[in-house]
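Undergrad: Below are the structure tokens for one structure; questions will follow.
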There are 2 protein chains.
Amino acid sequence: MELSLRERKKIKARQAIIDAATRLFIKKGYDGTTADEIAAEAEVSRSTFFRYFKAKEMVVFPYQDERIQMLRDLIGQYETEQTPFDSVRLGLLDMAAYFMSIKKELADQRKIIHESLHLLARQLEYDAVWEVVISERLAASRGKSSREDYEARLAAGIIFGAIEAVLYEWFSKGCKQDLVQLGRDGIELVRVGLASTDFTQLNDRSFE
Amino acid sequence: MELSLRERKKIKARQAIIDAATRLFIKKGYDGTTADEIAAEAEVSRSTFFRYFKAKEMVVFPYQDERIQMLRDLIGQYETEQTPFDSVRLGLLDMAAYFMSIKKELADQRKIIHESLHLLARQLEYDAVWEVVISERLAASRGKSSREDYEARLAAGIIFGAIEAVLYEWFSKGCKQDLVQLGRDGIELVRVGLASTDFTQLNDRSFE
DNA sequence: GCTATATATGGCACTGAGTTTCAGAAGAGA
DNA sequence: TCTCTTCTGAAACTCAGTGCCATATATAGC
């Protein structure tokens, strides 16, 4: 089905704003770029900019919704033939593979985000949706919604904690490692528990 | 040691602003209260308000630094006689006991925070410092800083994920449960791993 | 192709957060 | 009391975000 001219124009305008903003953010930083400048660079009015993006920060995370949907779909793939934990695990590893394939774009985005405390906070907020997706999948395995399944929320929180740490590691080492392998190891630790680590052992330093 | 008049005045002014802001936030909501109104209610000028609090949101989290320090101290108590994991665990449970003792104040604060997406994001950011404290303790047990100990950061992320889920549960059920017990159960799950749950089992629903 | 209607845009004015500057008030110290 | 330092209040300013309305442009019906 073809999109109408109106729809195509909207998509083009949106993309023009994203591109203009990205150019300016890289050149002058997020805080150093005003909404007016982005609008001018994209050749639209200020009003139009705010019509396409509810807030200036939103233009930094333009594909957030698509990524969440992708995660949901990837986990959904394994819905029937795997345990709940494994369907989440495999979905996350697929997501990791996808992230590997767009690492350049992710690294650019992260550079912009880490220049502003504001954006860092917003990033955390967006990422938190991953946890919801995971807890929904776990709760669904028992025929519940995540709202009514505390154990599922707890498990999802634990898994999400590992994801955050893995992603942080990957990004802070310049996306050079194999994210799928990092993810595999991280989630395995969640599965077997911290009792398997030497953090649960008295070590030499404790007696120094 | 006595504080100078100047210091005492500053403390009083700061407290007056916190109290005024809290009153207004409860009465009119966070978004419905302007910085001007808070300043007027506290009988200081707008400039003074922003001198005491870098941003309007900061006045919502006035004791954040103290709480982080308390967590650090509580974990530090168990530094020598326990395994790293247990010193973190016991410190967190002490913190839970403290939270139980100020539940009214926490519940009020949470009510304000949950009226604004802005504040929710900021809350996440503040809470993230807990993770740093935990990872520092774990890394220290091996004579490293958390910066150079990925395993410690990963473990801390997992523990923190559980903390968030536990706190969320506690708050959303009106702080009526025993937070220490919730915490004990949550962290035990982290210790033994999700392999102990039925999320790692194929269940009936998978065959429906 | 022409007209009526729906929708996107641009311009403008307004509110509120946060910053900067500066003059003056008030505490600290001799 | 006099000086030095710090805190405060007032005003002007920038920028994000909202609301309103007139205008331009796409779509649909004829």
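Here, A, B, ... name the chains of the structure tokens in the order displayed, residue numbers run from 1 inside each chain, and ligands are numbered from 1 in the same displayed order.
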Using only C-alpha atoms (C1' of nucleotides), determine which residues of chain D fall within 12 Å of chain B; present them as a list of chain:residue names.

TA: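 Putting it all together, I get D:DT5, D:DT6, D:DC7, D:DT8, D:DG9, D:DA10, D:DA11.
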
Undergrad: Any chance you could dump chain B, least-squares fitted to chain A on all C-alpha atoms in order, as a CSV table (one decimal) with C-alpha atoms, in the first residue's frame?

TA:
chain,number,residue,atom,x,y,z
B,1,MET,CA,-0.3,0.1,0.3
B,2,GLU,CA,0.9,3.5,-0.8
B,3,LEU,CA,1.3,6.3,1.7
B,4,SER,CA,-0.5,9.6,0.8
B,5,LEU,CA,1.6,12.6,-0.2
B,6,ARG,CA,0.8,14.1,3.2
B,7,GLU,CA,2.2,11.0,5.0
B,8,ARG,CA,5.3,10.9,2.9
B,9,LYS,CA,5.9,14.6,3.6
B,10,LYS,CA,5.5,14.1,7.3
B,11,ILE,CA,8.0,11.2,7.3
B,12,LYS,CA,10.5,13.4,5.3
B,13,ALA,CA,10.1,16.3,7.6
B,14,ARG,CA,10.6,14.2,10.7
B,15,GLN,CA,13.7,12.7,9.2
B,16,ALA,CA,15.0,16.1,8.2
B,17,ILE,CA,14.6,17.2,11.8
B,18,ILE,CA,16.4,14.2,13.1
B,19,ASP,CA,19.3,14.6,10.6
B,20,ALA,CA,19.6,18.3,11.2
B,21,ALA,CA,19.6,17.9,15.0
B,22,THR,CA,22.2,15.1,14.9
B,23,ARG,CA,24.5,17.2,12.7
B,24,LEU,CA,24.2,20.1,15.1
B,25,PHE,CA,24.5,18.0,18.3
B,26,ILE,CA,27.7,16.5,17.0
B,27,LYS,CA,29.1,19.8,16.0
B,28,LYS,CA,28.0,22.0,18.9
B,29,GLY,CA,26.9,19.6,21.6
B,30,TYR,CA,23.3,19.1,22.8
B,31,ASP,CA,23.3,22.0,25.3
B,32,GLY,CA,25.0,24.3,22.8
B,33,THR,CA,22.2,23.8,20.2
B,34,THR,CA,18.9,25.6,20.5
B,35,ALA,CA,15.6,24.4,19.2
B,36,ASP,CA,15.5,27.4,16.9
B,37,GLU,CA,18.8,26.4,15.3
B,38,ILE,CA,17.5,22.8,14.7
B,39,ALA,CA,14.4,24.2,13.2
B,40,ALA,CA,16.3,26.5,10.9
B,41,GLU,CA,18.8,23.8,9.9
B,42,ALA,CA,15.9,21.5,9.0
B,43,GLU,CA,14.1,24.4,7.3
B,44,VAL,CA,10.9,24.2,9.3
B,45,SER,CA,9.5,26.6,11.8
B,46,ARG,CA,10.1,26.3,15.6
B,47,SER,CA,6.4,25.4,16.0
B,48,THR,CA,6.8,22.6,13.5
B,49,PHE,CA,9.8,21.2,15.4
B,50,PHE,CA,7.8,21.0,18.6
B,51,ARG,CA,4.9,19.5,16.7
B,52,TYR,CA,7.1,16.6,15.6
B,53,PHE,CA,9.0,16.2,18.9
B,54,LYS,CA,7.3,17.0,22.2
B,55,ALA,CA,10.6,18.1,23.6
B,56,LYS,CA,14.1,18.9,22.4
B,57,GLU,CA,15.3,15.7,24.2
B,58,MET,CA,13.0,13.5,22.2
B,59,VAL,CA,14.9,14.1,19.0
B,60,VAL,CA,17.9,12.4,20.6
B,61,PHE,CA,15.9,9.1,21.0
B,62,PRO,CA,14.0,9.0,17.8
B,63,TYR,CA,13.9,5.2,17.3
B,64,GLN,CA,13.1,4.2,20.9
B,65,ASP,CA,9.6,3.0,20.2
B,66,GLU,CA,10.7,0.9,17.2
B,67,ARG,CA,13.4,-0.8,19.4
B,68,ILE,CA,11.0,-1.6,22.1
B,69,GLN,CA,8.7,-3.2,19.6
B,70,MET,CA,11.6,-5.1,18.1
B,71,LEU,CA,12.5,-6.5,21.6
B,72,ARG,CA,8.9,-7.5,22.1
B,73,ASP,CA,8.9,-9.3,18.8
B,74,LEU,CA,12.2,-11.0,19.3
B,75,ILE,CA,11.2,-12.4,22.6
B,76,GLY,CA,7.9,-13.3,21.1
B,77,GLN,CA,9.6,-15.5,18.6
B,78,TYR,CA,10.6,-18.0,21.3
B,79,GLU,CA,7.2,-17.9,23.0
B,80,THR,CA,6.1,-21.4,22.5
B,81,GLU,CA,9.1,-23.7,22.3
B,82,GLN,CA,11.2,-22.4,25.2
B,83,THR,CA,11.0,-21.9,28.9
B,84,PRO,CA,10.0,-18.3,29.8
B,85,PHE,CA,13.5,-17.5,31.0
B,86,ASP,CA,15.0,-18.9,27.8
B,87,SER,CA,12.6,-17.0,25.5
B,88,VAL,CA,13.7,-13.8,27.3
B,89,ARG,CA,17.3,-14.8,27.1
B,90,LEU,CA,17.3,-15.7,23.4
B,91,GLY,CA,15.3,-12.5,22.5
B,92,LEU,CA,17.8,-10.4,24.4
B,93,LEU,CA,20.7,-12.1,22.6
B,94,ASP,CA,19.0,-11.4,19.2
B,95,MET,CA,18.7,-7.8,20.3
B,96,ALA,CA,22.4,-7.8,21.2
B,97,ALA,CA,23.2,-9.1,17.7
B,98,TYR,CA,21.1,-6.2,16.2
B,99,PHE,CA,22.9,-3.7,18.4
B,100,MET,CA,26.3,-5.1,17.1
B,101,SER,CA,25.1,-4.3,13.6
B,102,ILE,CA,24.3,-0.7,14.3
B,103,LYS,CA,27.1,0.0,16.8
B,104,LYS,CA,28.4,3.1,15.0
B,105,GLU,CA,25.0,4.8,15.2
B,106,LEU,CA,24.7,3.7,18.9
B,107,ALA,CA,28.1,5.0,19.7
B,108,ASP,CA,27.4,8.4,18.2
B,109,GLN,CA,24.1,8.6,20.1
B,110,ARG,CA,25.8,7.7,23.3
B,111,LYS,CA,28.4,10.4,22.9
B,112,ILE,CA,25.7,13.0,22.6
B,113,ILE,CA,23.8,11.6,25.6
B,114,HIS,CA,26.9,11.5,27.9
B,115,GLU,CA,27.5,15.2,27.4
B,116,SER,CA,24.3,16.0,29.3
B,117,LEU,CA,23.1,14.8,32.7
B,118,HIS,CA,19.6,15.6,31.5
B,119,LEU,CA,19.9,13.1,28.7
B,120,LEU,CA,21.4,10.4,30.9
B,121,ALA,CA,18.4,10.6,33.2
B,122,ARG,CA,16.1,10.3,30.2
B,123,GLN,CA,18.0,7.4,28.8
B,124,LEU,CA,17.5,5.5,32.1
B,125,GLU,CA,13.8,6.2,31.8
B,126,TYR,CA,13.5,4.9,28.3
B,127,ASP,CA,15.6,1.8,29.1
B,128,ALA,CA,13.3,1.0,32.0
B,129,VAL,CA,10.6,0.0,29.4
B,130,TRP,CA,12.8,-3.0,28.6
B,131,GLU,CA,12.1,-4.2,32.1
B,132,VAL,CA,8.4,-4.0,31.6
B,133,VAL,CA,8.6,-6.0,28.4
B,134,ILE,CA,10.6,-8.7,30.1
B,135,SER,CA,8.3,-8.8,33.1
B,136,GLU,CA,5.2,-9.1,30.9
B,137,ARG,CA,6.7,-12.1,29.1
B,138,LEU,CA,7.6,-13.8,32.4
B,139,ALA,CA,4.2,-13.1,33.9
B,140,ALA,CA,2.4,-14.2,30.8
B,141,SER,CA,4.0,-17.7,31.2
B,142,ARG,CA,1.8,-18.0,34.2
B,143,GLY,CA,-1.2,-16.5,32.7
B,144,LYS,CA,-0.9,-13.3,34.6
B,145,SER,CA,-0.2,-9.7,33.8
B,146,SER,CA,3.0,-8.2,35.1
B,147,ARG,CA,0.9,-5.9,37.3
B,148,GLU,CA,-0.3,-8.9,39.3
B,149,ASP,CA,2.9,-11.0,39.3
B,150,TYR,CA,5.5,-9.7,41.8
B,151,GLU,CA,7.8,-12.6,41.2
B,152,ALA,CA,7.9,-11.8,37.5
B,153,ARG,CA,8.7,-8.1,38.2
B,154,LEU,CA,11.4,-9.1,40.6
B,155,ALA,CA,13.0,-11.5,38.1
B,156,ALA,CA,12.7,-8.9,35.3
B,157,GLY,CA,14.4,-6.3,37.6
B,158,ILE,CA,17.3,-8.7,38.2
B,159,ILE,CA,17.6,-9.5,34.5
B,160,PHE,CA,17.4,-5.8,33.6
B,161,GLY,CA,20.1,-4.9,36.1
B,162,ALA,CA,22.4,-7.3,34.3
B,163,ILE,CA,21.5,-5.8,30.9
B,164,GLU,CA,22.3,-2.3,32.1
B,165,ALA,CA,25.7,-3.4,33.4
B,166,VAL,CA,26.5,-5.3,30.2
B,167,LEU,CA,25.5,-2.4,28.0
B,168,TYR,CA,27.5,0.0,30.1
B,169,GLU,CA,30.6,-2.2,29.8
B,170,TRP,CA,30.2,-2.6,26.1
B,171,PHE,CA,29.7,1.1,25.5
B,172,SER,CA,32.5,2.2,27.8
B,173,LYS,CA,35.0,0.0,26.1
B,174,GLY,CA,34.1,1.5,22.7
B,175,CYS,CA,31.7,-1.2,21.5
B,176,LYS,CA,34.8,-3.4,20.7
B,177,GLN,CA,33.7,-6.5,22.5
B,178,ASP,CA,31.2,-9.1,21.3
B,179,LEU,CA,28.0,-7.9,22.9
B,180,VAL,CA,26.3,-11.3,22.3
B,181,GLN,CA,29.0,-13.0,24.3
B,182,LEU,CA,28.9,-10.4,27.0
B,183,GLY,CA,25.1,-10.8,27.2
B,184,ARG,CA,25.3,-14.5,27.4
B,185,ASP,CA,27.7,-14.4,30.3
B,186,GLY,CA,25.8,-11.7,32.1
B,187,ILE,CA,22.5,-13.5,31.9
B,188,GLU,CA,24.1,-16.8,32.9
B,189,LEU,CA,25.2,-15.1,36.1
B,190,VAL,CA,21.6,-14.1,36.7
B,191,ARG,CA,20.6,-17.7,36.1
B,192,VAL,CA,23.1,-19.4,38.4
B,193,GLY,CA,23.1,-16.6,41.0
B,194,LEU,CA,25.8,-14.7,42.8
B,195,ALA,CA,26.5,-17.6,45.1
B,196,SER,CA,28.7,-18.9,42.2
B,197,THR,CA,31.0,-15.8,42.5
B,198,ASP,CA,33.8,-15.1,44.9
B,199,PHE,CA,31.8,-12.2,46.3
B,200,THR,CA,30.2,-14.8,48.5
B,201,GLN,CA,33.6,-16.0,49.8
B,202,LEU,CA,35.6,-14.5,52.6
B,203,ASN,CA,38.8,-13.4,50.9
B,204,ASP,CA,42.3,-12.5,52.1
B,205,ARG,CA,41.6,-8.8,52.2
B,206,SER,CA,39.0,-9.3,54.8
B,207,PHE,CA,41.7,-10.3,57.2
B,208,GLU,CA,44.2,-7.6,56.4

Undergrad: State, in Å with one decimal place, the distance from atom C1' of D:DA28 to atom C1' of C:DT5.

TA: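 So the two atoms, atom C1' of D:DA28 and atom C1' of C:DT5, lie 8.2 Å apart.
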
Undergrad: Find the distance between atom C1' of C:DC12 and atom C1' of D:DT14 and write it in Å to one decimal.

TA: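 Going from atom C1' of C:DC12 over to atom C1' of D:DT14, I get 17.7 Å.
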
Undergrad: One decimal, Å: what's the distance from atom C1' of C:DC14 over to atom C1' of D:DA12, could you say?

TA: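 Distance reported for this atom pair: 17.3 Å.
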
Undergrad: Please identify all residues of chain C having at least one atom at most 8 Å from any atom of chain B, considering only C-alpha atoms (C1' of nucleotides), and return them as a PyMOL selection string.

TA: chain C and resi 16-18+27

Undergrad: Generate the output file for the selected residues, N, CA and C atoms (P, O5', C5', C4', C3', O3' and C1' of nucleotides), as a CSV table (one decimal), in the first residue's frame.

TA:
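What follows is the written file again02.csv:
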chain,number,residue,atom,x,y,z
C,16,DG,P,3.3,30.8,35.2
C,16,DG,O5',4.7,30.0,35.2
C,16,DG,C5',4.7,28.7,34.6
C,16,DG,C4',6.1,28.2,34.5
C,16,DG,C3',7.0,28.6,35.7
C,16,DG,O3',7.8,27.5,36.1
C,16,DG,C1',8.0,29.4,33.7
C,17,DA,P,8.7,27.5,37.4
C,17,DA,O5',10.0,27.0,36.8
C,17,DA,C5',10.1,25.9,35.9
C,17,DA,C4',11.4,25.8,35.3
C,17,DA,C3',12.6,25.8,36.3
C,17,DA,O3',13.6,24.9,35.8
C,17,DA,C1',12.8,27.6,34.6
C,18,DG,P,14.7,24.4,36.9
C,18,DG,O5',15.9,25.5,36.5
C,18,DG,C5',16.5,25.3,35.3
C,18,DG,C4',17.4,26.5,35.0
C,18,DG,C3',18.3,26.9,36.1
C,18,DG,O3',19.7,26.8,35.6
C,18,DG,C1',17.3,28.8,35.2
C,27,DG,P,23.4,39.8,60.9
C,27,DG,O5',24.6,38.8,61.1
C,27,DG,C5',24.6,37.6,60.4
C,27,DG,C4',26.1,37.2,60.0
C,27,DG,C3',27.0,37.1,61.3
C,27,DG,O3',27.8,35.9,61.1
C,27,DG,C1',27.9,38.6,59.7

Undergrad: Got a sec to tell me which of stretch 47-205 of chain B DSSP assigns to helix (DSSP H, G or I), as a ChimeraX atom specification?

TA: /B:47-52,56-60,64-77,84-101,103-113,117-140,146-148,150-172,179-192,194-196,198-200,204-205

Undergrad: Which residues come within 12 Å of D:DC30, counting only C-alpha atoms (C1' of nucleotides), excluding same-chain residues fewer than 3 positions away, as a list in words?

TA: DG1, DC2, DT3 and DA4 of chain C

Undergrad: Could you write those residues out with C-alpha atoms (C1' of nucleotides), as a PDB file, in the first residue's frame?

TA:
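For reference, selection25.pdb as written:
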ATOM      1  C1'  DG C   1     -10.430  20.633 -13.498  1.00  0.00           C
ATOM      2  C1'  DC C   2     -12.899  23.015  -9.699  1.00  0.00           C
ATOM      3  C1'  DT C   3     -14.581  23.443  -5.096  1.00  0.00           C
ATOM      4  C1'  DA C   4     -15.154  22.246  -0.267  1.00  0.00           C
TER       5       DA C   4
END
